[in-house]
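For reference, input.txt is printed below; it contains compact mmCIF, C-alpha atoms and all ligand atoms.
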# COMPACT_ATOMS: atom_id res chain seq x y z
CA MET A 276 0.00 0.00 0.00
CA PRO A 277 1.45 3.42 -0.95
CA PHE A 278 1.46 6.42 1.43
CA SER A 279 -0.95 8.23 -0.91
CA LYS A 280 -3.73 5.81 0.11
CA LEU A 281 -3.46 7.00 3.71
CA GLY A 282 -4.95 10.44 3.06
CA LEU A 283 -1.74 12.45 3.21
CA SER A 284 -1.45 15.47 0.95
CA GLN A 285 1.05 16.22 -1.75
CA PRO A 286 3.63 18.30 0.18
CA ILE A 287 3.94 15.46 2.71
CA LEU A 288 4.07 12.76 0.02
CA GLN A 289 6.80 14.72 -1.74
CA ALA A 290 8.84 14.97 1.47
CA LEU A 291 8.44 11.23 2.09
CA SER A 292 9.67 10.50 -1.38
CA ASP A 293 12.68 12.79 -0.78
CA ILE A 294 13.50 10.94 2.47
CA GLY A 295 13.19 7.61 0.69
CA TYR A 296 10.25 6.12 2.61
CA LYS A 297 8.49 4.08 -0.08
CA THR A 298 5.71 2.25 1.73
CA PRO A 299 4.22 2.71 5.18
CA THR A 300 5.29 0.35 7.96
CA ASP A 301 2.67 -1.70 9.87
CA ILE A 302 2.28 0.83 12.65
CA GLN A 303 1.99 3.65 10.10
CA LYS A 304 -0.74 1.79 8.18
CA GLN A 305 -2.70 1.29 11.35
CA ALA A 306 -2.10 4.53 13.25
CA ILE A 307 -2.31 7.17 10.52
CA PRO A 308 -6.03 6.66 9.62
CA ILE A 309 -7.02 6.57 13.31
CA ILE A 310 -5.15 9.77 14.11
CA LEU A 311 -6.53 11.53 11.03
CA SER A 312 -10.05 10.57 12.13
CA GLY A 313 -9.49 12.53 15.34
CA LYS A 314 -9.75 9.56 17.71
CA ASP A 315 -7.54 9.08 20.74
CA LEU A 316 -5.04 6.28 20.36
CA MET A 317 -3.04 3.91 22.54
CA ALA A 318 -0.37 2.09 20.54
CA ALA A 319 2.07 -0.60 21.60
CA ALA A 320 5.08 -0.24 19.32
CA GLN A 321 8.82 -0.31 19.72
CA THR A 322 11.41 2.06 18.41
CA GLY A 323 12.46 0.75 15.02
CA THR A 324 8.93 0.11 13.78
CA GLY A 325 8.54 3.56 12.23
CA LYS A 326 6.37 4.72 15.12
CA THR A 327 7.69 8.30 15.08
CA ALA A 328 6.45 8.96 11.56
CA SER A 329 3.19 7.18 12.47
CA PHE A 330 2.24 10.14 14.63
CA VAL A 331 4.30 12.88 12.96
CA LEU A 332 2.68 12.43 9.52
CA PRO A 333 -1.01 12.68 10.54
CA ILE A 334 -0.21 15.53 12.92
CA LEU A 335 1.39 17.46 10.03
CA GLU A 336 -1.60 16.64 7.85
CA LYS A 337 -4.04 17.97 10.42
CA ILE A 338 -2.09 21.19 10.99
CA HIS A 339 -1.81 21.66 7.23
CA ALA A 340 -5.60 21.33 6.89
CA THR A 341 -6.16 23.87 9.68
CA GLN A 342 -3.74 26.32 8.09
CA LEU A 343 -5.50 26.06 4.71
CA ASP A 344 -8.84 26.96 6.27
CA ALA A 345 -8.41 30.71 6.73
CA GLN A 346 -11.95 30.97 8.22
CA ASN A 347 -10.85 28.76 11.09
CA PRO A 348 -9.76 30.95 14.02
CA SER A 349 -7.06 28.36 14.77
CA SER A 350 -5.41 28.87 11.40
CA GLN A 351 -3.16 31.51 13.03
CA LEU A 352 -0.87 30.75 15.96
CA ARG A 353 -1.04 33.04 18.95
CA SER A 354 2.05 34.22 20.79
CA LYS A 355 3.48 31.55 23.13
CA SER A 356 0.83 29.05 22.12
CA ILE A 357 1.49 25.53 20.91
CA ARG A 358 -0.77 23.33 18.81
CA THR A 359 0.89 19.99 19.44
CA LEU A 360 2.90 18.76 22.39
CA ILE A 361 5.06 15.65 22.07
CA LEU A 362 6.43 14.48 25.41
CA THR A 363 9.36 12.12 25.24
CA PRO A 364 11.76 10.81 27.91
CA THR A 365 15.21 11.82 26.69
CA ARG A 366 16.97 14.65 24.92
CA GLU A 367 18.26 12.24 22.27
CA LEU A 368 14.72 11.17 21.42
CA ALA A 369 13.50 14.77 21.43
CA VAL A 370 16.21 15.72 18.94
CA GLN A 371 15.45 12.70 16.78
CA ILE A 372 11.70 13.36 16.68
CA ALA A 373 12.26 17.04 15.87
CA ALA A 374 14.60 16.01 13.04
CA ASN A 375 11.92 13.69 11.66
CA ILE A 376 9.35 16.51 11.81
CA THR A 377 11.69 18.88 9.97
CA GLN A 378 12.26 16.29 7.23
CA CYS A 379 8.57 15.47 6.80
CA ALA A 380 7.45 19.14 6.99
CA LYS A 381 10.01 20.25 4.41
CA TYR A 382 7.32 21.61 2.06
CA LEU A 383 4.95 22.96 4.72
CA PRO A 384 5.00 26.21 6.70
CA ILE A 385 4.84 24.30 10.00
CA SER A 386 7.11 25.30 12.85
CA SER A 387 8.63 22.86 15.33
CA LEU A 388 11.03 23.01 18.24
CA ALA A 389 12.68 20.54 20.60
CA VAL A 390 13.20 21.62 24.22
CA TYR A 391 15.09 19.58 26.77
CA GLY A 392 17.12 20.07 29.92
CA GLY A 393 20.82 20.75 30.15
CA THR A 394 20.63 23.61 27.65
CA ASP A 395 20.04 27.35 27.99
CA LEU A 396 16.38 28.31 28.60
CA GLU A 397 16.51 31.77 27.06
CA PRO A 398 16.83 30.85 23.35
CA GLN A 399 13.96 28.38 23.81
CA LYS A 400 11.81 31.10 25.41
CA LYS A 401 12.55 33.42 22.49
CA ARG A 402 11.57 30.77 19.96
CA LEU A 403 8.26 30.26 21.75
CA LEU A 404 7.29 33.94 21.56
CA ASP A 405 5.72 33.59 18.10
CA GLY A 406 4.00 30.33 18.99
CA ILE A 407 5.07 26.89 17.75
CA ASP A 408 3.04 24.35 15.79
CA ILE A 409 4.76 21.29 17.23
CA LEU A 410 6.75 21.32 20.45
CA VAL A 411 8.79 18.24 21.35
CA ALA A 412 9.80 18.29 25.00
CA THR A 413 11.17 16.31 27.89
CA PRO A 414 8.79 16.66 30.87
CA GLY A 415 11.08 18.54 33.27
CA ARG A 416 12.08 21.22 30.77
CA LEU A 417 8.50 21.69 29.63
CA LEU A 418 7.39 22.39 33.21
CA ASP A 419 10.27 24.87 33.68
CA LEU A 420 9.07 26.75 30.60
CA ALA A 421 5.44 26.62 31.74
CA TYR A 422 6.35 27.92 35.24
CA GLN A 423 8.19 30.82 33.61
CA ARG A 424 5.10 31.56 31.49
CA ALA A 425 7.12 31.02 28.34
CA LEU A 426 4.26 29.08 26.77
CA TYR A 427 0.50 28.60 27.04
CA PHE A 428 -1.45 25.43 26.53
CA ASP A 429 -4.88 27.01 25.80
CA ASP A 430 -4.69 26.32 22.04
CA LEU A 431 -3.28 22.81 22.36
CA GLU A 432 -5.00 20.42 19.96
CA THR A 433 -2.90 17.26 20.19
CA LEU A 434 -0.89 15.60 22.95
CA VAL A 435 1.53 12.75 22.24
CA LEU A 436 3.08 10.71 25.04
CA ASP A 437 5.97 8.97 23.33
CA GLU A 438 7.71 5.98 24.97
CA ALA A 439 5.27 6.20 27.88
CA ASP A 440 6.66 3.10 29.62
CA ARG A 441 10.12 4.60 29.56
CA MET A 442 8.90 7.93 30.94
CA LEU A 443 7.34 6.04 33.85
CA ASP A 444 10.52 3.98 34.39
CA MET A 445 12.47 7.22 34.54
CA GLY A 446 10.19 8.61 37.25
CA PHE A 447 8.42 11.30 35.23
CA ILE A 448 4.92 10.44 36.43
CA ASP A 449 4.52 13.49 38.70
CA ASP A 450 5.74 15.84 35.99
CA ILE A 451 3.45 14.23 33.43
CA ASN A 452 0.45 14.58 35.73
CA LYS A 453 1.27 18.23 36.38
CA ILE A 454 1.46 18.81 32.63
CA ILE A 455 -1.79 16.97 31.86
CA ASP A 456 -3.57 19.04 34.53
CA ARG A 457 -2.68 22.18 32.59
CA LEU A 458 -3.92 21.00 29.19
CA PRO A 459 -7.34 21.79 27.71
CA GLY A 460 -9.78 18.87 27.96
CA ALA A 461 -10.89 19.07 24.33
CA ARG A 462 -7.81 17.66 22.67
CA GLN A 463 -6.71 14.53 20.87
CA SER A 464 -4.37 12.35 22.91
CA LEU A 465 -2.01 9.71 21.56
CA LEU A 466 0.06 7.37 23.69
CA PHE A 467 2.90 5.25 22.34
CA SER A 468 4.66 2.69 24.47
CA ALA A 469 6.90 -0.29 23.82
CA THR A 470 4.77 -2.30 26.23
CA LEU A 471 1.31 -1.70 27.63
CA THR A 472 2.04 -2.48 31.27
CA ASP A 473 -0.52 -1.92 34.04
CA GLU A 474 1.28 1.32 34.89
CA VAL A 475 0.97 2.55 31.30
CA ARG A 476 -2.74 1.66 31.21
CA TYR A 477 -3.24 3.51 34.47
CA LEU A 478 -1.57 6.58 32.97
CA ALA A 479 -3.70 6.18 29.83
CA ASP A 480 -6.84 6.30 32.00
CA THR A 481 -5.85 9.76 33.20
CA VAL A 482 -5.20 10.93 29.66
CA TYR A 483 -8.42 9.87 27.90
CA ASP A 484 -11.61 7.88 28.34
CA ASP A 485 -11.95 5.73 25.30
CA ALA A 486 -9.05 5.29 22.92
CA ALA A 487 -8.55 3.06 19.91
CA GLU A 488 -5.87 0.51 20.71
CA ILE A 489 -3.33 -1.02 18.34
CA SER A 490 -0.41 -3.30 18.95
CA ILE A 491 2.51 -4.31 16.81
CA THR A 492 3.18 -7.67 18.42
CA ALA A 493 6.44 -8.90 19.95
CA HIS A 494 7.32 -11.13 17.03
CA LYS A 495 6.92 -8.38 14.51
CA LYS A 496 8.86 -6.05 16.77
CA THR A 497 12.12 -7.84 16.16
CA ALA A 498 12.83 -7.17 12.53
CA PRO A 499 13.48 -10.48 10.76
CA LYS A 500 16.72 -9.21 9.28
CA ILE A 501 18.38 -8.96 12.69
CA LYS A 502 20.44 -12.06 13.32
CA GLN A 503 20.45 -12.78 17.03
CA TRP A 504 22.87 -15.06 18.82
CA LEU A 505 24.39 -15.42 22.25
CA ILE A 506 27.70 -16.49 23.64
CA THR A 507 27.91 -18.02 27.07
CA VAL A 508 30.93 -16.59 28.83
CA ASP A 509 32.22 -16.40 32.39
CA LYS A 510 31.67 -12.94 33.82
CA ASP A 511 35.35 -12.08 34.27
CA ASN A 512 36.09 -13.09 30.68
CA LYS A 513 33.62 -10.73 29.01
CA SER A 514 35.98 -7.88 28.13
CA ALA A 515 38.58 -10.31 26.74
CA LEU A 516 35.85 -11.95 24.64
CA LEU A 517 34.69 -8.58 23.30
CA SER A 518 38.23 -7.58 22.31
CA HIS A 519 38.72 -10.99 20.71
CA LEU A 520 35.55 -10.66 18.61
CA ILE A 521 36.41 -7.11 17.53
CA VAL A 522 39.90 -8.06 16.40
CA GLN A 523 39.21 -11.55 15.07
CA ASN A 524 36.16 -10.54 13.01
CA GLN A 525 37.53 -7.13 12.06
CA TRP A 526 34.40 -5.40 13.27
CA ASN A 527 34.01 -1.97 11.87
CA GLN A 528 31.54 -0.62 14.43
CA ALA A 529 29.50 -1.79 17.39
CA LEU A 530 27.14 -0.32 19.93
CA ILE A 531 27.82 -2.08 23.22
CA PHE A 532 25.27 -2.03 26.02
CA VAL A 533 26.16 -2.26 29.68
CA GLU A 534 23.82 -1.96 32.66
CA LYS A 535 25.67 0.48 34.92
CA LYS A 536 27.49 3.70 34.21
CA HIS A 537 30.62 2.70 36.14
CA SER A 538 30.89 -0.48 34.05
CA ALA A 539 30.76 1.67 30.90
CA ALA A 540 33.89 3.62 31.85
CA LYS A 541 35.60 0.42 33.05
CA LEU A 542 34.94 -1.37 29.77
CA VAL A 543 36.26 1.56 27.73
CA ALA A 544 39.48 1.42 29.77
CA GLN A 545 39.75 -2.36 29.29
CA LEU A 546 39.29 -2.05 25.52
CA GLU A 547 41.80 0.76 25.31
CA LYS A 548 44.35 -1.36 27.20
CA ARG A 549 44.04 -3.85 24.36
CA GLY A 550 44.53 -1.12 21.78
CA ILE A 551 40.85 -0.66 20.81
CA ALA A 552 39.70 2.95 20.85
CA ALA A 553 36.25 3.33 22.41
CA ASP A 554 34.15 5.86 24.27
CA CYS A 555 31.03 5.77 26.40
CA ILE A 556 27.79 7.63 27.02
CA HIS A 557 25.81 7.44 30.24
CA SER A 558 23.70 9.73 32.38
CA GLY A 559 26.79 10.97 34.25
CA ARG A 560 28.24 12.67 31.17
CA SER A 561 27.24 16.16 30.07
CA GLN A 562 24.79 16.77 27.27
CA ALA A 563 27.44 18.45 25.12
CA ILE A 564 29.83 15.50 25.48
CA ARG A 565 27.11 12.94 24.78
CA GLU A 566 26.06 14.81 21.65
CA GLN A 567 29.66 15.02 20.44
CA ILE A 568 30.29 11.32 21.06
CA LEU A 569 27.08 10.37 19.27
CA ALA A 570 28.00 12.58 16.33
CA ASP A 571 31.43 10.91 16.15
CA PHE A 572 29.83 7.48 16.28
CA LYS A 573 27.35 8.38 13.55
CA ALA A 574 30.15 9.78 11.41
CA GLY A 575 32.13 6.56 11.94
CA THR A 576 35.14 8.30 13.48
CA LEU A 577 34.27 6.56 16.75
CA ARG A 578 33.93 2.85 16.10
CA PHE A 579 33.06 1.37 19.47
CA LEU A 580 30.47 3.05 21.63
CA VAL A 581 29.67 1.69 25.09
CA ALA A 582 26.32 2.90 26.39
CA THR A 583 23.91 2.39 29.23
CA GLY A 584 20.38 1.64 28.06
CA ILE A 585 18.95 5.01 29.04
CA ALA A 586 21.72 7.06 27.43
CA ALA A 587 21.31 5.08 24.22
CA ARG A 588 17.59 5.76 23.83
CA GLY A 589 16.92 7.41 20.56
CA ILE A 590 20.19 6.54 18.90
CA ASP A 591 19.20 6.22 15.27
CA ILE A 592 22.00 5.15 12.97
CA GLN A 593 20.84 3.82 9.65
CA GLN A 594 23.87 1.66 8.94
CA LEU A 595 24.63 0.26 12.38
CA ALA A 596 25.64 -3.31 11.72
CA ARG A 597 25.94 -4.64 15.23
CA VAL A 598 24.68 -4.37 18.77
CA VAL A 599 26.34 -6.19 21.65
CA ASN A 600 24.53 -6.86 24.91
CA TYR A 601 27.59 -6.97 27.11
CA ASP A 602 25.13 -7.18 30.00
CA LEU A 603 21.64 -8.56 29.48
CA PRO A 604 18.96 -5.97 30.12
CA PHE A 605 16.13 -6.02 32.61
CA PRO A 606 13.21 -5.59 32.02
CA SER A 607 13.32 -8.02 29.14
CA GLU A 608 11.42 -5.67 26.79
CA ASP A 609 14.61 -3.59 26.72
CA TYR A 610 16.25 -6.41 24.81
CA ILE A 611 13.93 -5.70 21.90
CA HIS A 612 14.60 -1.97 22.15
CA ARG A 613 18.31 -2.56 22.14
CA ILE A 614 18.50 -4.92 19.23
CA GLY A 615 16.20 -2.55 17.32
CA ARG A 616 19.20 -0.19 17.13
CA THR A 617 20.54 -2.39 14.36
CA GLY A 618 18.82 -3.62 11.23
CA ARG A 619 16.88 -0.31 11.09
CA ALA A 620 14.26 0.03 8.40
CA GLY A 621 15.12 -3.13 6.56
CA ALA A 622 18.93 -3.03 6.74
CA SER A 623 20.52 -6.22 8.04
CA GLY A 624 22.24 -6.37 11.39
CA GLU A 625 23.34 -8.67 14.17
CA ALA A 626 22.67 -8.64 17.89
CA ILE A 627 25.07 -10.56 20.08
CA SER A 628 24.48 -11.16 23.78
CA PHE A 629 27.07 -12.16 26.35
CA VAL A 630 25.46 -14.44 28.90
CA SER A 631 27.06 -15.63 32.12
CA LYS A 632 25.49 -17.90 34.73
CA ASP A 633 24.32 -14.87 36.78
CA ASP A 634 22.26 -13.72 33.79
CA PHE A 635 20.21 -16.90 33.61
CA LYS A 636 16.95 -15.42 34.93
CA ASN A 637 17.20 -12.45 32.57
CA LEU A 638 17.89 -14.81 29.70
CA CYS A 639 14.80 -16.88 30.54
CA ALA A 640 12.70 -13.71 30.64
CA ILE A 641 14.05 -12.50 27.28
CA GLU A 642 13.66 -15.82 25.51
CA SER A 643 10.15 -16.22 26.98
CA LEU A 644 9.23 -12.78 25.62
CA LEU A 645 10.66 -13.66 22.19
CA GLY A 646 8.90 -17.02 22.31
CA HIS A 647 12.02 -18.85 21.16
CA LEU A 648 15.55 -19.67 22.27
CA ILE A 649 18.36 -17.52 20.92
CA GLU A 650 20.97 -19.42 18.94
CA ARG A 651 24.05 -20.18 21.05
CA LYS A 652 27.63 -20.03 19.79
CA GLU A 653 30.83 -21.20 21.39
CA ILE A 654 34.01 -19.24 20.83
CA ASP A 655 37.29 -21.15 20.95
CA GLY A 656 39.33 -20.21 23.98
CA PHE A 657 36.31 -18.96 25.93
CA THR A 658 34.77 -22.18 27.20
CA VAL A 659 32.77 -21.44 30.35
CA LYS A 660 33.54 -22.80 33.79
CA LYS A 661 29.98 -22.04 34.95
CA THR A 662 27.50 -23.48 32.45
CA VAL A 663 24.37 -21.50 31.60
CA PRO A 664 21.34 -23.84 31.57
CA VAL A 665 18.83 -23.84 28.70
CA SER A 666 15.87 -21.54 29.44
CA VAL A 667 12.31 -22.49 30.15
CA LEU A 668 10.10 -20.49 27.83
CA ASN A 669 7.21 -19.67 30.14
CA TYR A 670 9.17 -17.60 32.62
CA HIS A 671 7.60 -14.33 33.80
CA PRO A 672 9.82 -12.28 36.07
CA ARG A 673 8.47 -10.13 38.87
CA ARG A 674 8.79 -6.53 37.81
CA SER A 675 11.00 -4.22 39.79
CA TYR A 676 8.53 -1.35 39.40
P1 LIG B 701 11.23 4.77 14.62
O1 LIG B 701 10.52 3.50 14.99
O2 LIG B 701 10.31 5.91 14.54
O3 LIG B 701 12.40 5.01 15.56
O4 LIG B 701 11.83 4.59 13.14
C1 LIG B 701 12.82 3.64 12.83
C2 LIG B 701 13.57 3.96 11.55
O5 LIG B 701 12.76 3.65 10.42
C3 LIG B 701 13.99 5.40 11.40
O6 LIG B 701 15.31 5.41 10.91
C4 LIG B 701 13.05 5.97 10.35
O7 LIG B 701 13.66 6.99 9.61
C5 LIG B 701 12.77 4.76 9.50
N1 LIG B 701 11.43 4.74 8.87
C6 LIG B 701 10.26 5.15 9.42
N2 LIG B 701 9.24 4.95 8.56
C7 LIG B 701 9.76 4.38 7.45
C8 LIG B 701 9.20 3.92 6.22
N3 LIG B 701 7.89 3.98 5.96
N4 LIG B 701 10.04 3.40 5.31
C9 LIG B 701 11.37 3.31 5.56
N5 LIG B 701 11.96 3.73 6.71
C10 LIG B 701 11.17 4.24 7.64
Mind turning the file's structure into structure tokens?
Ligand code: AMP
Amino acid sequence: MPFSKLGLSQPILQALSDIGYKTPTDIQKQAIPIILSGKDLMAAAQTGTGKTASFVLPILEKIHATQLDAQNPSSQLRSKSIRTLILTPTRELAVQIAANITQCAKYLPISSLAVYGGTDLEPQKKRLLDGIDILVATPGRLLDLAYQRALYFDDLETLVLDEADRMLDMGFIDDINKIIDRLPGARQSLLFSATLTDEVRYLADTVYDDAAEISITAHKKTAPKIKQWLITVDKDNKSALLSHLIVQNQWNQALIFVEKKHSAAKLVAQLEKRGIAADCIHSGRSQAIREQILADFKAGTLRFLVATGIAARGIDIQQLARVVNYDLPFPSEDYIHRIGRTGRAGASGEAISFVSKDDFKNLCAIESLLGHLIERKEIDGFTVKKTVPVSVLNYHPRRSY
């Protein structure tokens, strides 16, 4: 099915063709007609499914229609007002969503802005003076701007809660509630979440009464072109194994996930000791440094990036060939997020997980979520002393939140 069948107008279709999106993804096929119809929506979809464009495109279409109707009092923006608010958990995601809006709105007079913490407030306040069609914001920074009367919500037409489960995990619930309290009741609300946990459903109940619900299921979430495999390895052998794989297989680039920020710095030091240049991003590093490191990684001048899960949210690199789970994630849904960093939009990629005996429960949870075992490989010279048993596939861990 082509994009033109989804009710999008020519300037948007032209921009999509410029970007190189040929056909809509599953989530786009399902979400775009619902959003255009004005209904509220709750969607379960991971990063990597094309979910950003699934809300960006119909939002642009609706604003475009309003702008064309000069009789409509909303066709003009008032000072400090915003039409659309997209709340997202991290600065990286905010930047990525804003970039997607700019690309898709290339032929439309629609303004957009990303605001997030760790940057100067004043330029953001100035930009808001003329009003903004689409504001992408992290919750804390949005509240700061609202408290300083830098923006008004009276003309808000659409609210998007992006990566709602992640916002809850990161403790934004109070901020989100404060924001929702300030919004006009007559609005369209859209909620996107990798998983529809009880906590997300509870949040959804405070956002709207009766929303259409769609779900891109777990099996579809892992793109078929991502080759997944795991290596069982004793914990104290992990960094030697990683160096071995990098050198032996002449890896060009890899995004390497660790669980804790101190392990990120430690791993970088261990790699460097073996002559492999690497760097890391985690919540303890400044925004400017994180942005620079990400830019270097995207440009290919940095080949090995070690990241904690949260810092890596929103990393979107079209050609990333490989993701390594140096530590297995918990909750298990994060596994799908992480491997979705590779094999983006149809490109092929591989996701390799290092699993030691201590990771067994996490492995069971991940393989139960996937509904299948992950292929195991043995690497010569790295035979384990502590064997990792084969998972049972009906394991449901107790959540930590
Ligand atoms: P997202 O799930 O929004 O993070 O998008 C994942 C990746 O897919 C991004 O790199 C998008 O640019 C890309 N993408 C989104 N929609 C399409 C599409 N219809 N065709 C090809 N690529 C797409």
Self-check item: Interatomic distance (Å, one decimal) between atom C8 of ligand LIG 701 (chain B) and atom CA of Lys502 of chain A
Solution: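 Separation of atom C8 of ligand LIG 701 (chain B) and atom CA of Lys502 of chain A: 20.8 Å.
Minimum distance to Leu603 of chain A across A:Pro414, A:Gly615, A:Gly406, A:Gly584 (counting only C-alpha atoms) occurs at A:Gly584.
Checking A:Leu577, A:Val665, A:Leu443, A:Ile627 one by one against Phe532 of chain A, counting only C-alpha atoms, you find the shortest gap at A:Ile627.
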Self-check item: Selection: 9 Å around segment 361-378 of chain A, all atoms listed in the file, excl. self and same-chain fewer than 4 positions, as a PyMOL selection string
Solution: chain A and resi 290-291+293-294+327-328+331-332+335+382+385-393+409-414+417+433-439+441-443+445+447+451+562+566+585-591
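Across A:Val659, A:Leu595, A:Ile489, A:Ala421, the tightest approach to ligand LIG 701 (chain B) is made by A:Leu595 when counting only C-alpha atoms and all ligand atoms.
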Self-check item: Given all atoms listed in the file as the counted atoms, nearest of A:Lys314, A:Lys500, A:His519, A:Arg613 to Asp655 of chain A
Solution: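 Of all the options, A:His519 lies closest to Asp655 of chain A.
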Self-check item: Residue with smallest distance to Thr341 of chain A - pool A:Cys379, A:Pro384, A:Ser292, A:Leu418, counting all atoms listed in the file
Solution: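 Among the listed residues, A:Pro384 lies closest to Thr341 of chain A.
Computed from the coordinates, the atom CA of Ala563 of chain A to atom CA of Arg597 of chain A distance equals 25.2 Å.
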Quiz item: Distance atom CA of Asn347 of chain A-atom CA of Leu431 of chain A, one decimal place?
Solution: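 The value is 14.8 Å.
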From the structure just shown, export segment 320-341 of chain A with N, CA and C atoms as a PDB file, in the first residue's frame.
ATOM      1  N   ALA A 320       4.119  -0.114  20.424  1.00  0.00           N
ATOM      2  CA  ALA A 320       5.075  -0.245  19.316  1.00  0.00           C
ATOM      3  C   ALA A 320       6.448   0.163  19.794  1.00  0.00           C
ATOM      4  N   GLN A 321       7.422  -0.575  19.341  1.00  0.00           N
ATOM      5  CA  GLN A 321       8.817  -0.311  19.716  1.00  0.00           C
ATOM      6  C   GLN A 321       9.451   0.730  18.808  1.00  0.00           C
ATOM      7  N   THR A 322      10.541   1.287  19.290  1.00  0.00           N
ATOM      8  CA  THR A 322      11.410   2.061  18.411  1.00  0.00           C
ATOM      9  C   THR A 322      11.886   1.105  17.313  1.00  0.00           C
ATOM     10  N   GLY A 323      12.003   1.610  16.112  1.00  0.00           N
ATOM     11  CA  GLY A 323      12.465   0.747  15.024  1.00  0.00           C
ATOM     12  C   GLY A 323      11.333   0.290  14.126  1.00  0.00           C
ATOM     13  N   THR A 324      10.075   0.540  14.567  1.00  0.00           N
ATOM     14  CA  THR A 324       8.927   0.113  13.775  1.00  0.00           C
ATOM     15  C   THR A 324       8.434   1.227  12.846  1.00  0.00           C
ATOM     16  N   GLY A 325       9.026   2.405  12.987  1.00  0.00           N
ATOM     17  CA  GLY A 325       8.539   3.556  12.227  1.00  0.00           C
ATOM     18  C   GLY A 325       7.462   4.299  12.992  1.00  0.00           C
ATOM     19  N   LYS A 326       7.463   4.140  14.323  1.00  0.00           N
ATOM     20  CA  LYS A 326       6.373   4.722  15.115  1.00  0.00           C
ATOM     21  C   LYS A 326       6.424   6.257  15.144  1.00  0.00           C
ATOM     22  N   THR A 327       7.622   6.838  15.034  1.00  0.00           N
ATOM     23  CA  THR A 327       7.693   8.304  15.082  1.00  0.00           C
ATOM     24  C   THR A 327       6.893   8.904  13.925  1.00  0.00           C
ATOM     25  N   ALA A 328       7.175   8.428  12.718  1.00  0.00           N
ATOM     26  CA  ALA A 328       6.445   8.963  11.560  1.00  0.00           C
ATOM     27  C   ALA A 328       4.955   8.610  11.648  1.00  0.00           C
ATOM     28  N   SER A 329       4.608   7.558  12.390  1.00  0.00           N
ATOM     29  CA  SER A 329       3.191   7.180  12.467  1.00  0.00           C
ATOM     30  C   SER A 329       2.369   8.235  13.196  1.00  0.00           C
ATOM     31  N   PHE A 330       3.008   9.013  14.074  1.00  0.00           N
ATOM     32  CA  PHE A 330       2.244  10.139  14.634  1.00  0.00           C
ATOM     33  C   PHE A 330       2.620  11.470  13.997  1.00  0.00           C
ATOM     34  N   VAL A 331       3.881  11.604  13.566  1.00  0.00           N
ATOM     35  CA  VAL A 331       4.295  12.882  12.963  1.00  0.00           C
ATOM     36  C   VAL A 331       3.490  13.173  11.683  1.00  0.00           C
ATOM     37  N   LEU A 332       3.329  12.178  10.826  1.00  0.00           N
ATOM     38  CA  LEU A 332       2.677  12.434   9.521  1.00  0.00           C
ATOM     39  C   LEU A 332       1.234  12.895   9.664  1.00  0.00           C
ATOM     40  N   PRO A 333       0.370  12.182  10.426  1.00  0.00           N
ATOM     41  CA  PRO A 333      -1.005  12.677  10.536  1.00  0.00           C
ATOM     42  C   PRO A 333      -1.106  14.005  11.283  1.00  0.00           C
ATOM     43  N   ILE A 334      -0.176  14.238  12.215  1.00  0.00           N
ATOM     44  CA  ILE A 334      -0.209  15.531  12.916  1.00  0.00           C
ATOM     45  C   ILE A 334       0.087  16.647  11.919  1.00  0.00           C
ATOM     46  N   LEU A 335       1.082  16.441  11.056  1.00  0.00           N
ATOM     47  CA  LEU A 335       1.391  17.455  10.032  1.00  0.00           C
ATOM     48  C   LEU A 335       0.187  17.661   9.121  1.00  0.00           C
ATOM     49  N   GLU A 336      -0.446  16.563   8.749  1.00  0.00           N
ATOM     50  CA  GLU A 336      -1.599  16.641   7.846  1.00  0.00           C
ATOM     51  C   GLU A 336      -2.717  17.473   8.475  1.00  0.00           C
ATOM     52  N   LYS A 337      -2.957  17.250   9.746  1.00  0.00           N
ATOM     53  CA  LYS A 337      -4.042  17.974  10.417  1.00  0.00           C
ATOM     54  C   LYS A 337      -3.720  19.465  10.555  1.00  0.00           C
ATOM     55  N   ILE A 338      -2.468  19.767  10.875  1.00  0.00           N
ATOM     56  CA  ILE A 338      -2.091  21.186  10.994  1.00  0.00           C
ATOM     57  C   ILE A 338      -2.188  21.848   9.620  1.00  0.00           C
ATOM     58  N   HIS A 339      -1.751  21.139   8.611  1.00  0.00           N
ATOM     59  CA  HIS A 339      -1.807  21.662   7.234  1.00  0.00           C
ATOM     60  C   HIS A 339      -3.258  21.996   6.870  1.00  0.00           C
ATOM     61  N   ALA A 340      -4.176  21.103   7.204  1.00  0.00           N
ATOM     62  CA  ALA A 340      -5.595  21.331   6.888  1.00  0.00           C
ATOM     63  C   ALA A 340      -6.110  22.559   7.633  1.00  0.00           C
ATOM     64  N   THR A 341      -5.718  22.709   8.890  1.00  0.00           N
ATOM     65  CA  THR A 341      -6.162  23.871   9.676  1.00  0.00           C
ATOM     66  C   THR A 341      -5.621  25.161   9.059  1.00  0.00           C
TER      67      THR A 341
END
